[in-house]
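Let me begin by presenting the structure, written as structure tokens, before commenting on it.
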There are 2 protein chains.
Amino acid sequence: MPLYQRLLDLLRSQIESGRYSVGDQLPTEHAMRTSFGVSRSTVRNALRALTDEGLIRPTPGVGTVVIRSRPPVQPSLLRGFTEDFARRGVPTQARVISAQIVDPPSQVRDRLELLPEEQVLHLVRLRLVSGAPLALMDNFVPASLGIGPEEDFTGPLYELIERNHKYYITYGRDAIGAATVRPEAASVLELPIGSPVLTIKRTAFIGYDRPIEYVEAIVRPDHYEYNVTLLRGKDAS
Amino acid sequence: MPLYQRLLDLLRSQIESGRYSVGDQLPTEHAMRTSFGVSRSTVRNALRALTDEGLIRPTPGVGTVVIRSRPPVQPSLLRGFTEDFARRGVPTQARVISAQIVDPPSQVRDRLELLPEEQVLHLVRLRLVSGAPLALMDNFVPASLGIGPEEDFTGPLYELIERNHKYYITYGRDAIGAATVRPEAASVLELPIGSPVLTIKRTAFIGYDRPIEYVEAIVRPDHYEYNVTLLRGKDAS
DNA sequence: AGCTCGCGATTGTCCGTACAAACGCACAAG
DNA sequence: CTTGTGCGTTTGTACGGACAATCGCGAGCT
């Protein structure tokens, strides 16, 4: 672990624990430099991170004071299914049911803003958590991306897109609804006919507004809920 | 003006103007160091700022690529039901079914972090869009806020809290699921028994982490879907 | 007493160097 | 054909030094 990060963790825990409380002055950079036996740039590296987190405010000629004891709440980020569960320490499996290049349904064509004759990779996967089926996912990715049906789709799809194809996902729009499970999906998800399911439709974008992926997921609501943290802005209304 | 800031402005304008477009690789730090005649730390200072702004992504062993040409889209903000619809130009009505001070259920007590004997204002409202019932909402607000059962609850509840009581909501957490509608709710929502419904549970906070409101909503999925825009961060996985 | 000047202290900027870690690629080995 | 080994490139981390900009405060002058 890098030096500056250990110093960062130490300082952050001291601030959170109240060893330094709001309004207090931190030791000077030079004091830390000598007491920790590191160079000043290392100290500054740690302090810059704390500044970015909004915990401290350095002022030239004065010193560095603590302005918050905890980081401000972060809104939820766009995460793939695999990432979302891995973050909570729950391992997931994916079973690829089909992966083929097809002509997209019109609704997919609209969402991905495809050209008239453009084809897509259609990926159907069953997601499992501890062996039990949880979600049935239909992914649509433009075939022009160059991702073929033969790749390994059991891991995080976003990483596959980002690492292999130099496209970086910037944001996504989710639409969440509820419906009665379709019979075909019911059998795969091991649900009784007529059960309610959570439906998640997501469009992911690269750059400023270019859609790169469209997903429709059907999720068992008994073992999953969609969680999101939202900030309240001044212009919310 | 500091050197690194001039370099920063130059790079930013080149990225915004398309001189370097999304996916392009920036010159290496060493190349900038020589071409601009500054030290590497100055270059890195500028690059770090661009990284913080989300415009570039440096990767060890590879280089620095442009991932955005403009500042990112804004993620969704926390909005109340009335605000959410008003924003899209759809007027809504609210019918107050009951409003009383009660002892909260244990689950509400946990979410609002209430003291053992603390009471809450329990508000049950039916939300209508163009005369048709859309959602049944149970709001819980600590009685200590001073909002009585006799106030006007047909408008935006957040405005009521914020304007009259000087509390500003900072963020909220939503948990969205699907379920089969309960019989009592079915009749109010004019749904057949056994219909699927969308359930939204929200906790809203003031300050760092003080919960101020808890809502459970049961929504007809045939005329509503929960929409949210999420950014993709660098530490999403 | 009140004001000004200058000094020390503190953070900001900038330079140079060195090594580590991660990655892509060519090339050799099996 | 596959594997892995090594090498060069690029960013990350860390060191040390120097000067600038800013501020608080006391010494000294009016």
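We label chains A, B, ... in the order they appear in the structure tokens, count residues from 1 in each chain, and number ligands from 1 in the order shown.
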
Quick check: residues of chain D within 9 Å of chain B, only C-alpha atoms (C1' of nucleotides), returned as a short mmCIF file (atom, residue, chain, number, x, y, z; two decimals) with C-alpha atoms (C1' of nucleotides), in the first residue's frame.
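Wrote it out as iface-v1.cif, contents follow:
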```cif
data_model
loop_
_atom_site.label_atom_id
_atom_site.label_comp_id
_atom_site.auth_asym_id
_atom_site.auth_seq_id
_atom_site.Cartn_x
_atom_site.Cartn_y
_atom_site.Cartn_z
"C1'" DT D 9 6.91 2.73 -22.58
"C1'" DT D 10 3.82 5.07 -19.57
"C1'" DT D 11 1.81 6.38 -15.39
"C1'" DG D 12 2.17 6.13 -10.11
#
```

List every residue of chain B that has an atom at most 6 Å from any atom of chain A, and for each one report the closest atom pair and its distance in Å to one decimal, counting only C-alpha atoms, with rows sorted by chain and then by increasing residue number, as a Markdown table.
```
| residue | atom | partner | partner_atom | distance |
| --- | --- | --- | --- | --- |
| B:Arg68 | CA | A:Gly207 | CA | 5.4 |
| B:Leu77 | CA | A:Leu231 | CA | 5.3 |
| B:Leu78 | CA | A:Arg232 | CA | 4.7 |
| B:Arg79 | CA | A:Ala236 | CA | 5.9 |
| B:Glu83 | CA | A:Ser237 | CA | 5.0 |
| B:Thr170 | CA | A:Arg232 | CA | 5.1 |
| B:Tyr171 | CA | A:Leu231 | CA | 4.2 |
| B:Gly172 | CA | A:Leu230 | CA | 5.4 |
| B:Arg173 | CA | A:Thr229 | CA | 4.4 |
| B:Asp174 | CA | A:Val228 | CA | 5.3 |
| B:Ala175 | CA | A:Asn227 | CA | 4.5 |
| B:Ile176 | CA | A:Tyr226 | CA | 4.9 |
| B:Gly177 | CA | A:Glu225 | CA | 4.9 |
| B:Ala178 | CA | A:Leu198 | CA | 5.3 |
| B:Ala179 | CA | A:Pro196 | CA | 5.6 |
| B:Pro196 | CA | A:Pro196 | CA | 5.0 |
| B:Val197 | CA | A:Ala178 | CA | 5.8 |
| B:Leu198 | CA | A:Ala178 | CA | 5.3 |
| B:Pro221 | CA | A:Ala178 | CA | 5.5 |
| B:Glu225 | CA | A:Gly177 | CA | 4.9 |
| B:Tyr226 | CA | A:Ile176 | CA | 4.9 |
| B:Asn227 | CA | A:Ala175 | CA | 4.5 |
| B:Val228 | CA | A:Asp174 | CA | 5.3 |
| B:Thr229 | CA | A:Arg173 | CA | 4.4 |
| B:Leu230 | CA | A:Leu78 | CA | 5.1 |
| B:Leu231 | CA | A:Tyr171 | CA | 4.2 |
| B:Arg232 | CA | A:Leu78 | CA | 4.7 |
| B:Ala236 | CA | A:Arg79 | CA | 5.9 |
| B:Ser237 | CA | A:Glu83 | CA | 4.8 |
```

Let me see the file: selected residues, N, CA, C and O atoms, as a CSV table (one decimal), in the first residue's frame.
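Result file follows (again_4.csv):
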```
chain,number,residue,atom,x,y,z
B,68,ARG,N,-14.3,12.2,-22.2
B,68,ARG,CA,-15.4,13.1,-22.3
B,68,ARG,C,-14.9,14.4,-23.0
B,68,ARG,O,-13.8,14.8,-22.8
B,77,LEU,N,-32.0,13.9,-9.5
B,77,LEU,CA,-32.0,14.5,-8.1
B,77,LEU,C,-33.2,13.9,-7.4
B,77,LEU,O,-34.1,13.4,-8.0
B,78,LEU,N,-33.2,14.0,-6.1
B,78,LEU,CA,-34.3,13.6,-5.3
B,78,LEU,C,-35.5,14.5,-5.5
B,78,LEU,O,-35.4,15.7,-5.2
B,79,ARG,N,-36.6,13.9,-5.9
B,79,ARG,CA,-37.8,14.7,-6.2
B,79,ARG,C,-39.0,14.0,-5.6
B,79,ARG,O,-39.1,12.7,-5.6
B,83,GLU,N,-43.5,17.0,-7.4
B,83,GLU,CA,-42.5,17.7,-8.1
B,83,GLU,C,-42.1,16.9,-9.4
B,83,GLU,O,-41.9,17.5,-10.5
B,170,THR,N,-31.2,16.9,2.2
B,170,THR,CA,-29.9,16.8,1.5
B,170,THR,C,-29.8,15.6,0.5
B,170,THR,O,-29.2,15.7,-0.5
B,171,TYR,N,-30.4,14.5,0.9
B,171,TYR,CA,-30.4,13.3,0.1
B,171,TYR,C,-31.4,12.3,0.5
B,171,TYR,O,-32.1,12.5,1.5
B,172,GLY,N,-31.6,11.3,-0.3
B,172,GLY,CA,-32.6,10.3,0.1
B,172,GLY,C,-32.2,8.9,-0.5
B,172,GLY,O,-31.4,8.9,-1.5
B,173,ARG,N,-32.7,7.9,0.1
B,173,ARG,CA,-32.4,6.5,-0.4
B,173,ARG,C,-33.7,5.9,-0.8
B,173,ARG,O,-34.6,5.8,0.0
B,174,ASP,N,-33.7,5.4,-2.0
B,174,ASP,CA,-34.9,4.7,-2.5
B,174,ASP,C,-34.6,3.2,-2.6
B,174,ASP,O,-33.5,2.8,-3.0
B,175,ALA,N,-35.6,2.4,-2.3
B,175,ALA,CA,-35.5,1.0,-2.5
B,175,ALA,C,-36.8,0.6,-3.3
B,175,ALA,O,-37.9,0.7,-2.8
B,176,ILE,N,-36.6,0.1,-4.5
B,176,ILE,CA,-37.7,-0.2,-5.4
B,176,ILE,C,-37.9,-1.7,-5.5
B,176,ILE,O,-36.9,-2.4,-5.8
B,177,GLY,N,-39.1,-2.2,-5.4
B,177,GLY,CA,-39.3,-3.6,-5.5
B,177,GLY,C,-40.7,-3.8,-6.2
B,177,GLY,O,-41.3,-2.9,-6.7
B,178,ALA,N,-41.0,-5.1,-6.4
B,178,ALA,CA,-42.3,-5.5,-7.0
B,178,ALA,C,-43.0,-6.4,-6.1
B,178,ALA,O,-42.3,-7.2,-5.4
B,179,ALA,N,-44.3,-6.4,-6.1
B,179,ALA,CA,-45.1,-7.3,-5.2
B,179,ALA,C,-46.5,-7.5,-5.8
B,179,ALA,O,-46.9,-6.8,-6.7
B,196,PRO,N,-49.7,-7.1,-10.2
B,196,PRO,CA,-48.4,-6.7,-9.7
B,196,PRO,C,-48.4,-5.2,-9.5
B,196,PRO,O,-49.0,-4.4,-10.2
B,197,VAL,N,-47.7,-4.7,-8.5
B,197,VAL,CA,-47.5,-3.3,-8.2
B,197,VAL,C,-46.0,-3.0,-8.0
B,197,VAL,O,-45.2,-3.9,-7.6
B,198,LEU,N,-45.7,-1.8,-8.2
B,198,LEU,CA,-44.3,-1.3,-7.9
B,198,LEU,C,-44.3,-0.7,-6.5
B,198,LEU,O,-45.2,0.0,-6.1
B,221,PRO,N,-48.2,0.0,-12.0
B,221,PRO,CA,-47.1,-0.1,-12.9
B,221,PRO,C,-47.6,0.2,-14.4
B,221,PRO,O,-46.8,0.4,-15.2
B,225,GLU,N,-43.5,4.5,-14.5
B,225,GLU,CA,-42.2,3.7,-14.2
B,225,GLU,C,-41.3,4.7,-13.6
B,225,GLU,O,-41.3,5.9,-13.8
B,226,TYR,N,-40.4,4.1,-12.8
B,226,TYR,CA,-39.4,4.9,-12.0
B,226,TYR,C,-38.2,5.1,-12.9
B,226,TYR,O,-37.5,4.2,-13.3
B,227,ASN,N,-37.9,6.4,-13.1
B,227,ASN,CA,-36.8,6.7,-14.0
B,227,ASN,C,-35.7,7.4,-13.2
B,227,ASN,O,-35.9,8.2,-12.3
B,228,VAL,N,-34.5,7.0,-13.6
B,228,VAL,CA,-33.4,7.6,-12.9
B,228,VAL,C,-32.2,7.6,-13.8
B,228,VAL,O,-32.0,6.7,-14.6
B,229,THR,N,-31.4,8.7,-13.7
B,229,THR,CA,-30.2,8.8,-14.5
B,229,THR,C,-29.0,8.7,-13.6
B,229,THR,O,-28.9,9.4,-12.6
B,230,LEU,N,-28.1,7.8,-13.9
B,230,LEU,CA,-26.9,7.6,-13.0
B,230,LEU,C,-25.6,7.8,-13.8
B,230,LEU,O,-25.5,7.4,-14.9
B,231,LEU,N,-24.7,8.4,-13.1
B,231,LEU,CA,-23.4,8.6,-13.7
B,231,LEU,C,-22.5,7.3,-13.5
B,231,LEU,O,-22.8,6.6,-12.6
B,232,ARG,N,-21.5,7.2,-14.3
B,232,ARG,CA,-20.6,6.1,-14.1
B,232,ARG,C,-19.3,6.6,-13.6
B,232,ARG,O,-18.7,7.4,-14.2
B,236,ALA,N,-16.5,2.3,-9.9
B,236,ALA,CA,-17.9,1.7,-9.9
B,236,ALA,C,-17.8,0.2,-9.5
B,236,ALA,O,-18.8,-0.3,-8.9
B,237,SER,N,-16.8,-0.5,-9.9
B,237,SER,CA,-16.8,-1.9,-9.5
B,237,SER,C,-16.4,-2.1,-8.1
B,237,SER,O,-16.8,-3.0,-7.5
```

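Comparing the minimum interatomic distances between DG16 (chain D) and each of A:Ala135, A:Ile101, A:Val38, A:Val124, counting only C-alpha atoms (C1' of nucleotides), we find that A:Val38 sits nearest.
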
Practice problem: Could you tell me, as number ranges by chain, which residues of region 32-230 of chain A DSSP assigns to helix (DSSP H, G or I) when given the backbone? | Solution: A: 32-36, 40-52, 81-87, 106-112, 143-145, 157-165, 183-189

Practice problem: Would you please extract all strand (DSSP E) residues from region 30-166 of chain B, as assigned by DSSP on the backbone, and give them as a PyMOL selection string? | Solution: chain B and resi 56-59+63-66+92-102+120-129+132-142

Exercise. Can you check which residues of chain C have any atom within 10 Å of chain B? Use only C-alpha atoms (C1' of nucleotides) and format it as a PyMOL selection string.
Key: chain C and resi 12-16+21-24

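Taken over all Cα atoms in order, the superposition of chain B onto chain A returns an RMSD of 7.6 Å.
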
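By chain and then residue number, the residues within 10 Å of Pro133 (chain A) are Thr92, Gln93, Ala94, Arg95, Leu126, Arg127, Val188, Leu189, Glu190, Leu191, Val219, Arg220 and His223 of chain A, counting only C-alpha atoms (C1' of nucleotides) and disregarding those fewer than 6 positions away in sequence.
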
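The space separating CA of Val22 (chain B) from CA of Phe153 (chain A) comes to 26.0 Å.
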
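Across B:Ile67, B:Val102, B:Leu7, B:Leu55, the tightest approach to Glu162 (chain A) is made by B:Ile67 when counting only C-alpha atoms.
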
Practice problem: Please indicate the distance in Å from CA of Pro116 (chain A) to CA of Pro142 (chain A), rounded to one decimal place. | Solution: 12.3 Å

Practice problem: Please provide as a PyMOL selection string all residues within 12 Å of DC19 (chain C), with the sequence filter that same-chain residues fewer than 5 positions apart are discarded (counting only C-alpha atoms (C1' of nucleotides)). | Solution: chain D and resi 12-15

Export, as a compact mmCIF listing (two decimals), in the first residue's frame, the selected residues with N, CA and C atoms (P, O5', C5', C4', C3', O3' and C1' of nucleotides).
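Output saved as selection.txt:
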```
# COMPACT_ATOMS: atom_id res chain seq x y z
P DG D 12 -1.43 7.87 -13.40
O5' DG D 12 -0.49 7.16 -12.33
C5' DG D 12 -0.84 5.86 -11.86
C4' DG D 12 -0.02 5.49 -10.65
C3' DG D 12 -0.08 6.50 -9.49
O3' DG D 12 -0.27 5.80 -8.27
C1' DG D 12 2.17 6.13 -10.11
P DT D 13 -0.48 6.59 -6.91
O5' DT D 13 1.00 6.62 -6.32
C5' DT D 13 1.60 5.38 -5.96
C4' DT D 13 3.03 5.60 -5.53
C3' DT D 13 3.20 6.58 -4.35
O3' DT D 13 3.81 5.87 -3.29
C1' DT D 13 4.77 7.01 -6.08
P DA D 14 3.88 6.52 -1.84
O5' DA D 14 5.28 7.26 -1.84
C5' DA D 14 6.46 6.49 -1.91
C4' DA D 14 7.65 7.41 -2.11
C3' DA D 14 7.69 8.62 -1.19
O3' DA D 14 8.62 8.37 -0.14
C1' DA D 14 8.43 9.09 -3.44
P DC D 15 8.91 9.44 0.95
O5' DC D 15 10.17 10.21 0.35
C5' DC D 15 11.35 9.48 0.07
C4' DC D 15 12.32 10.33 -0.72
C3' DC D 15 12.59 11.71 -0.13
O3' DC D 15 13.72 11.64 0.73
C1' DC D 15 12.36 11.78 -2.53
```

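Picture a line from CA of Met137 (chain A) to CA of Leu123 (chain A); it runs 7.8 Å.
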